[in-house]
>>> print(open('my_file_26.cif').read())   # mmCIF, C-alpha atoms
data_model
loop_
_atom_site.label_atom_id
_atom_site.label_comp_id
_atom_site.auth_asym_id
_atom_site.auth_seq_id
_atom_site.Cartn_x
_atom_site.Cartn_y
_atom_site.Cartn_z
CA MET A 25 222.05 48.80 -39.28
CA LYS A 26 225.40 47.27 -38.36
CA ILE A 27 228.44 48.91 -36.83
CA LYS A 28 232.00 47.62 -36.59
CA ILE A 29 233.86 47.99 -33.30
CA ASN A 30 237.66 47.65 -33.21
CA PRO A 31 239.37 46.87 -29.90
CA VAL A 32 241.39 49.69 -28.36
CA LYS A 33 244.24 49.80 -25.85
CA LYS A 34 243.02 52.65 -23.65
CA ILE A 35 240.84 55.75 -23.42
CA VAL A 36 241.97 59.04 -21.91
CA ALA A 37 239.46 61.88 -22.08
CA GLU A 38 237.03 64.29 -20.46
CA LEU A 39 233.41 64.22 -21.53
CA ASN A 40 229.81 65.07 -20.78
CA VAL A 41 226.86 62.70 -21.15
CA PRO A 42 223.25 63.64 -22.00
CA GLY A 43 220.91 64.87 -19.29
CA ASP A 44 219.34 62.22 -17.09
CA LYS A 45 216.50 60.60 -19.05
CA SER A 46 214.37 59.72 -16.01
CA ILE A 47 214.57 63.26 -14.64
CA SER A 48 213.94 64.72 -18.10
CA HIS A 49 210.64 62.84 -18.46
CA ARG A 50 209.46 64.13 -15.09
CA ALA A 51 210.60 67.69 -15.76
CA LEU A 52 208.45 67.81 -18.89
CA MET A 53 205.46 66.25 -17.14
CA ILE A 54 205.57 68.38 -14.02
CA GLY A 55 206.36 71.51 -16.03
CA ALA A 56 203.22 70.89 -18.07
CA LEU A 57 201.11 70.46 -14.91
CA ALA A 58 202.58 73.48 -13.11
CA LYS A 59 201.17 76.95 -13.54
CA GLY A 60 203.55 79.25 -15.39
CA ARG A 61 206.86 79.10 -17.22
CA THR A 62 209.19 76.24 -16.26
CA SER A 63 212.77 76.65 -17.49
CA ILE A 64 214.77 73.42 -17.90
CA LYS A 65 218.52 73.27 -18.51
CA GLY A 66 220.12 70.02 -19.63
CA LEU A 67 216.95 68.30 -20.82
CA CYS A 68 217.61 65.04 -22.69
CA LEU A 69 215.23 66.00 -25.47
CA GLU A 70 217.38 64.43 -28.20
CA SER A 71 216.51 60.93 -26.96
CA ASN A 72 213.55 59.27 -28.65
CA ASP A 73 211.86 58.53 -25.33
CA CYS A 74 211.88 62.10 -24.07
CA SER A 75 210.81 63.47 -27.44
CA TYR A 76 207.71 61.25 -27.25
CA THR A 77 206.90 62.65 -23.81
CA ALA A 78 207.21 66.20 -25.18
CA LYS A 79 205.05 65.38 -28.18
CA ALA A 80 202.33 63.84 -25.99
CA PHE A 81 202.00 67.10 -24.06
CA ARG A 82 202.14 69.19 -27.22
CA ASP A 83 199.26 67.05 -28.47
CA MET A 84 197.39 68.20 -25.34
CA GLU A 85 198.17 71.84 -26.23
CA ILE A 86 201.12 72.45 -23.92
CA ASN A 87 203.64 74.82 -25.48
CA ILE A 88 207.20 73.46 -25.22
CA VAL A 89 209.94 75.46 -26.94
CA LYS A 90 213.73 75.67 -27.10
CA GLU A 91 215.44 78.91 -26.13
CA GLY A 92 219.19 78.44 -26.54
CA ASP A 93 220.30 75.72 -24.14
CA LEU A 94 217.01 75.91 -22.24
CA THR A 95 213.70 74.13 -22.77
CA ILE A 96 210.70 76.21 -21.76
CA VAL A 97 207.45 74.51 -20.77
CA HIS A 98 204.43 76.78 -20.52
CA GLY A 99 202.35 74.87 -17.98
CA LYS A 100 198.61 75.28 -17.54
CA GLY A 101 198.06 73.66 -14.16
CA LEU A 102 196.77 70.23 -13.16
CA HIS A 103 193.53 70.66 -15.09
CA GLY A 104 194.94 72.58 -18.05
CA LEU A 105 195.47 69.72 -20.49
CA THR A 106 193.26 69.58 -23.57
CA LYS A 107 191.72 66.39 -24.95
CA PRO A 108 194.02 65.16 -27.74
CA ARG A 109 192.58 64.70 -31.21
CA GLY A 110 193.71 61.09 -31.37
CA PRO A 111 195.69 58.45 -29.45
CA LEU A 112 198.82 59.64 -27.69
CA TYR A 113 201.72 57.74 -29.27
CA VAL A 114 204.69 57.05 -26.96
CA GLY A 115 206.91 54.99 -29.26
CA ASN A 116 208.84 52.49 -27.14
CA SER A 117 208.88 54.58 -23.96
CA GLY A 118 207.51 52.55 -21.06
CA THR A 119 208.24 55.45 -18.70
CA THR A 120 206.05 57.78 -20.75
CA MET A 121 203.17 55.34 -20.98
CA ARG A 122 203.09 54.22 -17.35
CA ILE A 123 203.54 57.62 -15.69
CA LEU A 124 201.33 59.48 -18.15
CA ALA A 125 198.53 57.03 -17.29
CA GLY A 126 198.53 58.47 -13.77
CA ILE A 127 198.33 62.02 -15.07
CA LEU A 128 195.53 61.23 -17.51
CA ALA A 129 193.61 59.60 -14.66
CA GLY A 130 192.88 63.06 -13.27
CA GLN A 131 191.72 64.67 -16.51
CA ASP A 132 188.09 65.20 -17.44
CA PHE A 133 188.40 63.61 -20.89
CA GLU A 134 188.92 60.19 -22.42
CA SER A 135 192.29 59.30 -23.90
CA THR A 136 194.24 56.39 -25.36
CA LEU A 137 197.94 55.63 -24.92
CA THR A 138 199.57 53.58 -27.64
CA GLY A 139 203.06 52.82 -28.91
CA ASP A 140 205.17 50.68 -31.20
CA THR A 141 205.20 46.89 -31.46
CA GLY A 142 207.89 46.63 -28.79
CA ILE A 143 205.92 48.38 -26.09
CA SER A 144 202.82 46.38 -27.00
CA ALA A 145 204.49 43.39 -25.33
CA ARG A 146 205.47 45.17 -22.12
CA PRO A 147 203.45 44.63 -18.90
CA MET A 148 200.99 47.36 -17.91
CA LYS A 149 198.86 45.55 -15.34
CA ARG A 150 201.26 46.78 -12.65
CA VAL A 151 199.95 50.31 -13.33
CA VAL A 152 196.40 49.45 -14.37
CA GLU A 153 195.55 47.63 -11.12
CA PRO A 154 196.35 50.46 -8.64
CA LEU A 155 194.64 53.02 -10.88
CA LEU A 156 191.53 50.83 -10.95
CA MET A 157 191.67 50.81 -7.14
CA MET A 158 191.68 54.61 -7.29
CA GLY A 159 188.42 54.53 -9.21
CA VAL A 160 189.93 55.30 -12.60
CA ARG A 161 188.23 53.79 -15.62
CA ILE A 162 191.23 52.29 -17.35
CA SER A 163 191.58 49.23 -19.53
CA ALA A 164 194.30 47.40 -21.45
CA GLU A 165 194.47 44.49 -23.85
CA GLY A 166 194.97 40.87 -22.77
CA ASP A 167 193.25 40.90 -19.36
CA GLY A 168 194.56 44.37 -18.55
CA GLU A 169 198.16 43.44 -19.29
CA TYR A 170 199.24 45.10 -22.55
CA PRO A 171 198.90 48.42 -24.42
CA PRO A 172 197.06 50.28 -25.70
CA LEU A 173 195.72 51.83 -22.50
CA LYS A 174 192.28 53.46 -22.61
CA ILE A 175 191.60 55.95 -19.83
CA ALA A 176 188.44 57.82 -18.92
CA GLY A 177 189.70 60.19 -16.24
CA GLY A 178 188.06 62.61 -13.90
CA LYS A 179 187.06 60.80 -10.72
CA VAL A 180 189.97 59.64 -8.58
CA LYS A 181 190.07 58.59 -4.94
CA PRO A 182 193.13 58.41 -2.67
CA ILE A 183 194.52 55.00 -1.72
CA SER A 184 197.30 53.37 0.27
CA TYR A 185 199.04 50.86 -1.99
CA LYS A 186 201.81 48.32 -1.49
CA THR A 187 203.61 47.71 -4.76
CA PRO A 188 204.50 44.08 -5.56
CA ILE A 189 207.88 45.20 -6.92
CA ALA A 190 210.07 48.27 -6.46
CA SER A 191 209.22 50.41 -9.47
CA ALA A 192 209.57 54.17 -9.83
CA GLN A 193 207.12 54.05 -12.74
CA ILE A 194 204.34 52.44 -10.69
CA LYS A 195 205.02 54.77 -7.78
CA SER A 196 205.05 57.83 -10.02
CA ALA A 197 201.79 56.96 -11.77
CA ILE A 198 200.03 56.60 -8.41
CA LEU A 199 201.53 59.79 -6.97
CA PHE A 200 200.54 61.83 -10.03
CA ALA A 201 197.00 60.46 -9.85
CA GLY A 202 197.04 61.29 -6.12
CA LEU A 203 197.44 65.01 -6.88
CA TYR A 204 193.80 65.20 -7.99
CA PRO A 205 191.50 63.86 -5.23
CA LYS A 206 191.07 65.29 -1.75
CA GLY A 207 193.07 63.28 0.77
CA THR A 208 196.38 61.44 1.06
CA THR A 209 197.62 58.85 -1.38
CA LYS A 210 200.44 56.61 -0.13
CA VAL A 211 202.75 54.18 -1.91
CA ILE A 212 204.76 51.58 0.03
CA GLU A 213 207.52 49.68 -1.79
CA PRO A 214 209.40 46.50 -0.83
CA VAL A 215 212.65 48.32 -1.64
CA ARG A 216 212.90 52.04 -2.26
CA SER A 217 213.04 52.83 -5.98
CA ARG A 218 214.50 55.95 -7.58
CA ASP A 219 212.97 59.06 -6.05
CA HIS A 220 213.05 61.66 -8.84
CA THR A 221 209.25 62.09 -8.87
CA GLU A 222 208.85 62.83 -5.17
CA ARG A 223 211.84 65.18 -5.18
CA MET A 224 210.46 67.13 -8.12
CA LEU A 225 206.84 67.20 -6.94
CA LYS A 226 208.00 68.62 -3.60
CA TYR A 227 210.23 71.17 -5.36
CA PHE A 228 207.27 72.34 -7.43
CA GLY A 229 205.05 72.78 -4.37
CA ALA A 230 203.21 69.50 -3.80
CA GLU A 231 202.70 68.28 -0.24
CA VAL A 232 204.92 65.20 -0.25
CA LYS A 233 206.04 63.13 2.73
CA ILE A 234 208.71 60.43 2.69
CA LEU A 235 209.04 57.91 5.51
CA GLY A 236 211.27 54.91 4.98
CA LYS A 237 209.94 52.92 2.04
CA SER A 238 206.69 54.89 1.84
CA VAL A 239 205.90 58.09 -0.04
CA SER A 240 202.66 60.03 0.20
CA VAL A 241 201.15 63.03 -1.56
CA ARG A 242 198.22 65.10 -0.35
CA GLY A 243 195.67 66.35 -2.84
CA PRO A 244 194.27 68.32 -4.34
CA GLY A 245 197.66 69.75 -5.17
CA GLU A 246 198.87 72.81 -6.99
CA LEU A 247 202.22 72.99 -8.74
CA LYS A 248 204.06 76.24 -9.42
CA ALA A 249 206.58 76.65 -12.23
CA ARG A 250 210.28 76.58 -11.30
CA ALA A 251 213.66 76.71 -12.99
CA ILE A 252 215.61 73.45 -12.85
CA GLU A 253 218.88 72.00 -14.13
CA ILE A 254 219.19 68.33 -15.03
CA PRO A 255 222.49 66.54 -14.33
CA GLY A 256 224.06 64.03 -16.69
CA ASP A 257 222.57 60.53 -16.83
CA ILE A 258 224.53 58.08 -14.69
CA SER A 259 223.19 55.20 -16.78
CA SER A 260 224.77 56.76 -19.87
CA ALA A 261 227.96 57.48 -17.92
CA SER A 262 228.20 53.87 -16.75
CA PHE A 263 229.27 52.59 -20.17
CA PHE A 264 232.31 54.86 -20.21
CA MET A 265 233.06 54.14 -16.55
CA VAL A 266 233.23 50.43 -17.26
CA ALA A 267 235.24 50.95 -20.46
CA ALA A 268 237.86 52.95 -18.54
CA THR A 269 237.93 50.32 -15.79
CA LEU A 270 238.55 47.50 -18.28
CA LEU A 271 241.20 49.10 -20.52
CA LYS A 272 244.69 49.25 -19.03
CA GLY A 273 246.13 52.77 -18.84
CA SER A 274 242.73 54.46 -19.17
CA GLU A 275 241.56 57.54 -17.30
CA ILE A 276 238.40 59.51 -17.96
CA LYS A 277 236.59 62.38 -16.29
CA ILE A 278 232.83 62.59 -16.74
CA ARG A 279 231.42 65.97 -15.77
CA ASN A 280 228.18 66.85 -14.01
CA VAL A 281 226.64 63.41 -13.44
CA SER A 282 223.68 62.61 -11.17
CA ILE A 283 224.66 60.90 -7.91
CA ASN A 284 221.14 60.54 -6.55
CA PRO A 285 221.51 57.79 -3.91
CA THR A 286 218.39 55.91 -5.10
CA ARG A 287 219.83 55.82 -8.60
CA ALA A 288 223.60 55.56 -8.15
CA GLY A 289 223.83 51.91 -7.14
CA ILE A 290 226.40 51.51 -9.93
CA LEU A 291 228.87 53.46 -7.78
CA LYS A 292 228.44 51.00 -4.90
CA VAL A 293 228.77 48.02 -7.22
CA LEU A 294 231.92 49.39 -8.86
CA SER A 295 233.42 50.15 -5.45
CA ARG A 296 232.74 46.61 -4.20
CA MET A 297 234.25 45.18 -7.38
CA GLY A 298 237.42 47.20 -6.75
CA ALA A 299 237.05 49.81 -9.51
CA ASN A 300 239.04 53.02 -9.21
CA VAL A 301 236.30 55.66 -9.18
CA ARG A 302 236.71 59.05 -7.53
CA ILE A 303 233.78 61.45 -6.99
CA VAL A 304 234.79 65.12 -7.00
CA ASN A 305 233.17 68.55 -7.12
CA LYS A 306 229.94 67.48 -5.43
CA ARG A 307 227.10 69.98 -5.70
CA ARG A 308 223.34 70.30 -5.82
CA LEU A 309 221.42 71.31 -8.94
CA ALA A 310 218.18 72.68 -7.47
CA LEU A 311 216.67 69.31 -6.58
CA GLU A 312 219.26 66.65 -7.49
CA PRO A 313 222.83 65.99 -6.29
CA ALA A 314 225.55 65.92 -8.96
CA ALA A 315 229.31 65.52 -9.21
CA ASP A 316 232.21 64.85 -11.56
CA MET A 317 233.62 61.32 -11.80
CA ILE A 318 237.23 60.34 -12.42
CA VAL A 319 237.66 56.70 -13.41
CA LYS A 320 240.96 54.87 -13.93
CA TYR A 321 241.82 51.35 -15.03
CA SER A 322 241.76 48.74 -12.29
CA ARG A 323 241.62 44.98 -11.91
CA THR A 324 238.19 44.12 -10.57
CA ARG A 325 236.72 41.12 -8.76
CA GLY A 326 233.41 39.30 -8.95
CA ILE A 327 230.77 39.94 -6.31
CA THR A 328 227.22 38.98 -5.39
CA ILE A 329 224.63 41.65 -6.17
CA THR A 330 221.71 40.93 -3.87
CA LYS A 331 218.04 41.27 -4.79
CA ASP A 332 217.62 44.43 -2.72
CA MET A 333 220.39 46.13 -4.71
CA VAL A 334 218.92 45.36 -8.13
CA PRO A 335 216.39 48.27 -8.35
CA SER A 336 219.21 50.83 -8.00
CA VAL A 337 221.23 49.24 -10.85
CA ILE A 338 218.48 47.86 -13.06
CA ASP A 339 219.50 49.98 -16.07
CA GLU A 340 223.22 49.41 -15.53
CA LEU A 341 223.14 45.61 -15.19
CA PRO A 342 223.95 44.94 -18.87
CA VAL A 343 227.26 46.79 -18.63
CA ILE A 344 227.90 45.33 -15.15
CA PHE A 345 227.65 41.91 -16.84
CA VAL A 346 230.42 43.04 -19.19
CA LEU A 347 232.65 44.09 -16.30
CA ALA A 348 231.91 40.81 -14.53
CA ALA A 349 232.99 38.90 -17.63
CA LEU A 350 236.56 40.18 -17.20
CA SER A 351 236.74 40.40 -13.40
CA LYS A 352 238.47 37.89 -11.15
CA GLY A 353 236.03 35.35 -9.74
CA ARG A 354 232.33 34.62 -10.08
CA THR A 355 229.65 37.30 -10.17
CA ILE A 356 226.09 36.50 -9.13
CA VAL A 357 223.12 38.82 -9.65
CA GLU A 358 220.16 37.73 -7.55
CA GLY A 359 216.53 38.42 -8.47
CA ALA A 360 217.26 39.87 -11.91
CA ARG A 361 213.95 38.86 -13.52
CA GLU A 362 212.84 42.48 -14.07
CA LEU A 363 215.45 42.62 -16.84
CA ARG A 364 213.23 40.30 -18.86
CA VAL A 365 210.49 42.93 -19.30
CA LYS A 366 212.56 45.85 -20.54
CA GLU A 367 212.75 46.90 -24.21
CA THR A 368 213.84 43.32 -24.74
CA ASP A 369 214.66 40.38 -22.49
CA ARG A 370 218.02 41.78 -21.42
CA ILE A 371 219.07 38.60 -19.68
CA ARG A 372 218.68 36.68 -22.93
CA SER A 373 220.22 39.38 -25.12
CA MET A 374 223.28 39.81 -22.90
CA GLN A 375 223.65 36.07 -22.42
CA GLU A 376 223.70 35.50 -26.18
CA GLY A 377 226.15 38.33 -26.80
CA LEU A 378 228.61 37.47 -24.04
CA LYS A 379 228.48 33.74 -24.78
CA ALA A 380 229.45 34.54 -28.38
CA MET A 381 232.46 36.37 -26.92
CA GLY A 382 233.49 33.34 -24.85
CA VAL A 383 231.87 34.02 -21.47
CA ASP A 384 230.22 31.40 -19.24
CA PHE A 385 226.90 33.18 -18.61
CA ARG A 386 224.29 31.05 -16.83
CA VAL A 387 220.73 31.68 -15.67
CA GLU A 388 219.64 29.85 -12.51
CA GLY A 389 216.02 30.71 -11.77
CA ASP A 390 215.89 34.48 -11.31
CA ASN A 391 219.66 34.67 -10.79
CA VAL A 392 222.41 35.40 -13.29
CA VAL A 393 225.79 33.69 -12.77
CA ILE A 394 228.86 34.87 -14.70
CA GLU A 395 232.16 33.01 -14.68
CA PRO A 396 234.85 35.33 -16.08
CA ALA A 397 236.81 34.66 -19.24
CA ASP A 398 240.57 35.17 -19.58
CA SER A 399 239.74 37.43 -22.51
CA LEU A 400 236.83 38.29 -24.77
CA LYS A 401 236.89 37.41 -28.44
CA GLY A 402 235.48 39.58 -31.19
CA ALA A 403 232.14 38.34 -32.49
CA MET A 404 229.04 39.06 -34.54
CA LEU A 405 226.61 40.54 -32.01
CA LYS A 406 222.96 41.61 -31.93
CA SER A 407 221.37 44.47 -30.01
CA PHE A 408 217.88 42.90 -30.22
CA GLY A 409 216.68 46.48 -30.70
CA ASP A 410 217.65 47.35 -27.13
CA HIS A 411 219.73 50.47 -26.47
CA ARG A 412 221.42 49.26 -23.30
CA THR A 413 222.27 45.86 -24.73
CA CYS A 414 223.80 47.60 -27.75
CA MET A 415 225.93 50.01 -25.70
CA ALA A 416 227.03 47.32 -23.24
CA LEU A 417 228.17 45.02 -26.05
CA ALA A 418 230.01 47.94 -27.66
CA VAL A 419 232.02 48.31 -24.43
CA ALA A 420 232.73 44.58 -24.46
CA ALA A 421 233.89 44.87 -28.06
CA LEU A 422 236.40 47.59 -27.13
CA ALA A 423 238.04 45.19 -24.68
CA ALA A 424 237.92 42.13 -26.96
CA LYS A 425 240.63 40.45 -29.00
CA GLY A 426 239.57 40.87 -32.59
CA ASP A 427 236.98 43.03 -34.29
CA SER A 428 233.27 42.82 -33.51
CA GLU A 429 230.15 43.86 -35.36
CA ILE A 430 226.86 44.83 -33.72
CA ASP A 431 223.57 44.64 -35.57
CA GLY A 432 220.98 47.26 -34.59
CA LYS A 433 223.13 50.29 -33.76
CA GLU A 434 220.13 52.60 -34.30
CA SER A 435 218.64 51.36 -31.02
CA VAL A 436 220.85 53.80 -29.07
CA SER A 437 218.65 56.67 -30.27
CA LYS A 438 216.21 55.74 -27.51
CA SER A 439 218.43 57.27 -24.82
CA PHE A 440 221.83 58.32 -26.23
CA PRO A 441 221.74 59.12 -29.97
CA SER A 442 225.34 60.38 -29.97
CA PHE A 443 226.74 57.33 -28.15
CA PHE A 444 228.86 55.92 -30.96
CA ARG A 445 230.12 59.35 -32.01
CA THR A 446 231.17 59.99 -28.40
CA LEU A 447 232.69 56.51 -28.05
CA PHE A 448 234.77 56.77 -31.21
CA SER A 449 235.98 60.25 -30.24
CA LEU A 450 237.61 58.69 -27.18
CA THR A 451 239.42 55.97 -29.11
#
>>> encode(input="my_file_26.cif", output="structure tokens")
Amino acid sequence: MKIKINPVKKIVAELNVPGDKSISHRALMIGALAKGRTSIKGLCLESNDCSYTAKAFRDMEINIVKEGDLTIVHGKGLHGLTKPRGPLYVGNSGTTMRILAGILAGQDFESTLTGDTGISARPMKRVVEPLLMMGVRISAEGDGEYPPLKIAGGKVKPISYKTPIASAQIKSAILFAGLYPKGTTKVIEPVRSRDHTERMLKYFGAEVKILGKSVSVRGPGELKARAIEIPGDISSASFFMVAATLLKGSEIKIRNVSINPTRAGILKVLSRMGANVRIVNKRRLALEPAADMIVKYSRTRGITITKDMVPSVIDELPVIFVLAALSKGRTIVEGARELRVKETDRIRSMQEGLKAMGVDFRVEGDNVVIEPADSLKGAMLKSFGDHRTCMALAVAALAAKGDSEIDGKESVSKSFPSFFRTLFSLT
């Protein structure tokens, strides 16, 4: 489906964004594995990805219900899952598939994880290999690379594993599997990835230790149900932050957003680019830091985003490309290749979209180089079925000269179904 985007002069508003998707996945998973009634406020259950996580656990006889603004998960403990009647379908959610593989590794039944055609092309060997090292009988198509994943759980051994890339999904799968055997399972990363899993496991009673770039969990563990509140998703907030930065006279306040330091690299990038972002009303929501953000228009400059910074802004890079396109001076993003194995090749999708709008967007090896344009021109754009590409190009269209049209607006349902309704309410 196509959607027309008209350019606007400015946005002035206060808003909320959906609950953090990464934290929501983990809240459902850990709630299901904890003993007792876990109460979750702010769960991003309206996103397709999180709804697939919930359905997977319902298919394993975990009761998940809505009570007003709360989601209640009636957990049955680490060994309380029931063998599903058929394959567990995760749609296009790579987070669900990769992390759930670690949980299923510890179960005493066989299971299969499958998804749509999009996820069937996404790499799974990065999770399969460490789980094989842990003694898990797990297989994937194409030399262990692609879904579906077939898992015969039950016997797991602890390991110490150095991940080839910084990935919270790999780390989480290993840590979840490490809850089941006796002993310590350790994950060492080249750069520290987002830490939602270790924060939440510790909060729910697991024996977790964090030292530099390593995280370990001691098993066998036992998780106890807790009440938690999920802050707004900073990735969802980033689109409005960039829109306000680009449009002269704009000022927005986004309430209750996650500022987890392993996740909030966008704040550092915006600061270095000269954006006018103020963090106010800092607080802690049980296990995660949160705050309100006030963003005003400012003239920004190009910067170099180094390889070690990329993991903390991996989901925000598409909209950072948009900001770079209208900043003063060149922007370079080093080591951005992980963008090629998301829901789509986001380097290619953003390159095609921004080039159509008049931007010099080059790829040099694993680096992205953006030379800014004096202005963006309205264009016919494609989302390539990717939610973040779609939302980033919508922001670019707001700041363009002339109307734009984006094909594939339905892709935003993956993380932010109300995105366009929220966007148009501001304009």
>>> atom_distance(input="my_file_26.cif", atom1="atom CA of A:Asp332", atom2="atom CA of A:Met53")
28.8 Å
>>> resolve_selection(input="my_file_26.cif", expression="the PyMOL selection byres ((chain A and resi 147-156) around 9)", output="PyMOL selection string")
chain A and resi 118+121-123+125-126+129+143-146+157-164+167-171+173+180+183+185+187-189+193-195+197-198+201+365
>>> closest_residue(input="my_file_26.cif", among="A:Ile252, A:Ile29, A:Met317, A:Ala424", to="A:Thr62", atoms="only C-alpha atoms")
A:Ile252
>>> closest_residue(input="my_file_26.cif", among="A:Thr136, A:Gln131, A:Thr330, A:Thr119", to="A:Thr221", atoms="all atoms listed in the file")
A:Thr119
>>> residues_around(input="my_file_26.cif", residues="stretch 266-278 of chain A", least_positions_apart="2", cutoff="8 Å", atoms="all atoms listed in the file", output="ChimeraX atom specification")
/A:32-41,261-264,280-281,299-300,316-323,343-344,347,350,419-420,422-423
>>> atom_distance(input="my_file_26.cif", atom1="atom CA of A:Val215", atom2="atom CA of A:Pro285")
13.2 Å
>>> build_atoms(input="my_file_26.cif", residues="stretch 74-90 of chain A", atoms="N, CA and C atoms", output="compact mmCIF listing (two decimals), keeping the file's coordinate frame")
# COMPACT_ATOMS: atom_id res chain seq x y z
N CYS A 74 212.28 60.79 -24.59
CA CYS A 74 211.88 62.10 -24.07
C CYS A 74 211.15 62.92 -25.13
N SER A 75 211.52 62.74 -26.39
CA SER A 75 210.81 63.47 -27.44
C SER A 75 209.36 63.01 -27.54
N TYR A 76 209.10 61.73 -27.25
CA TYR A 76 207.71 61.25 -27.25
C TYR A 76 206.93 61.84 -26.08
N THR A 77 207.57 62.00 -24.93
CA THR A 77 206.90 62.65 -23.81
C THR A 77 206.53 64.08 -24.17
N ALA A 78 207.49 64.82 -24.77
CA ALA A 78 207.21 66.20 -25.18
C ALA A 78 206.07 66.27 -26.18
N LYS A 79 206.10 65.36 -27.16
CA LYS A 79 205.05 65.38 -28.18
C LYS A 79 203.68 65.08 -27.58
N ALA A 80 203.62 64.16 -26.61
CA ALA A 80 202.33 63.84 -25.99
C ALA A 80 201.71 65.08 -25.36
N PHE A 81 202.53 65.90 -24.69
CA PHE A 81 202.00 67.10 -24.06
C PHE A 81 201.70 68.19 -25.09
N ARG A 82 202.48 68.26 -26.14
CA ARG A 82 202.14 69.19 -27.22
C ARG A 82 200.80 68.82 -27.83
N ASP A 83 200.54 67.50 -27.94
CA ASP A 83 199.26 67.05 -28.47
C ASP A 83 198.10 67.41 -27.54
N MET A 84 198.42 67.74 -26.29
CA MET A 84 197.39 68.20 -25.34
C MET A 84 197.50 69.71 -25.12
N GLU A 85 198.10 70.38 -26.12
CA GLU A 85 198.17 71.84 -26.23
C GLU A 85 199.02 72.50 -25.14
N ILE A 86 200.11 71.83 -24.77
CA ILE A 86 201.12 72.45 -23.92
C ILE A 86 202.24 72.95 -24.81
N ASN A 87 202.60 74.21 -24.66
CA ASN A 87 203.64 74.82 -25.48
C ASN A 87 205.01 74.52 -24.89
N ILE A 88 205.84 73.81 -25.64
CA ILE A 88 207.20 73.46 -25.22
C ILE A 88 208.15 73.95 -26.30
N VAL A 89 209.05 74.84 -25.94
CA VAL A 89 209.94 75.46 -26.94
C VAL A 89 211.38 75.47 -26.45
N LYS A 90 212.31 75.54 -27.41
CA LYS A 90 213.73 75.67 -27.10
C LYS A 90 214.13 77.13 -27.15
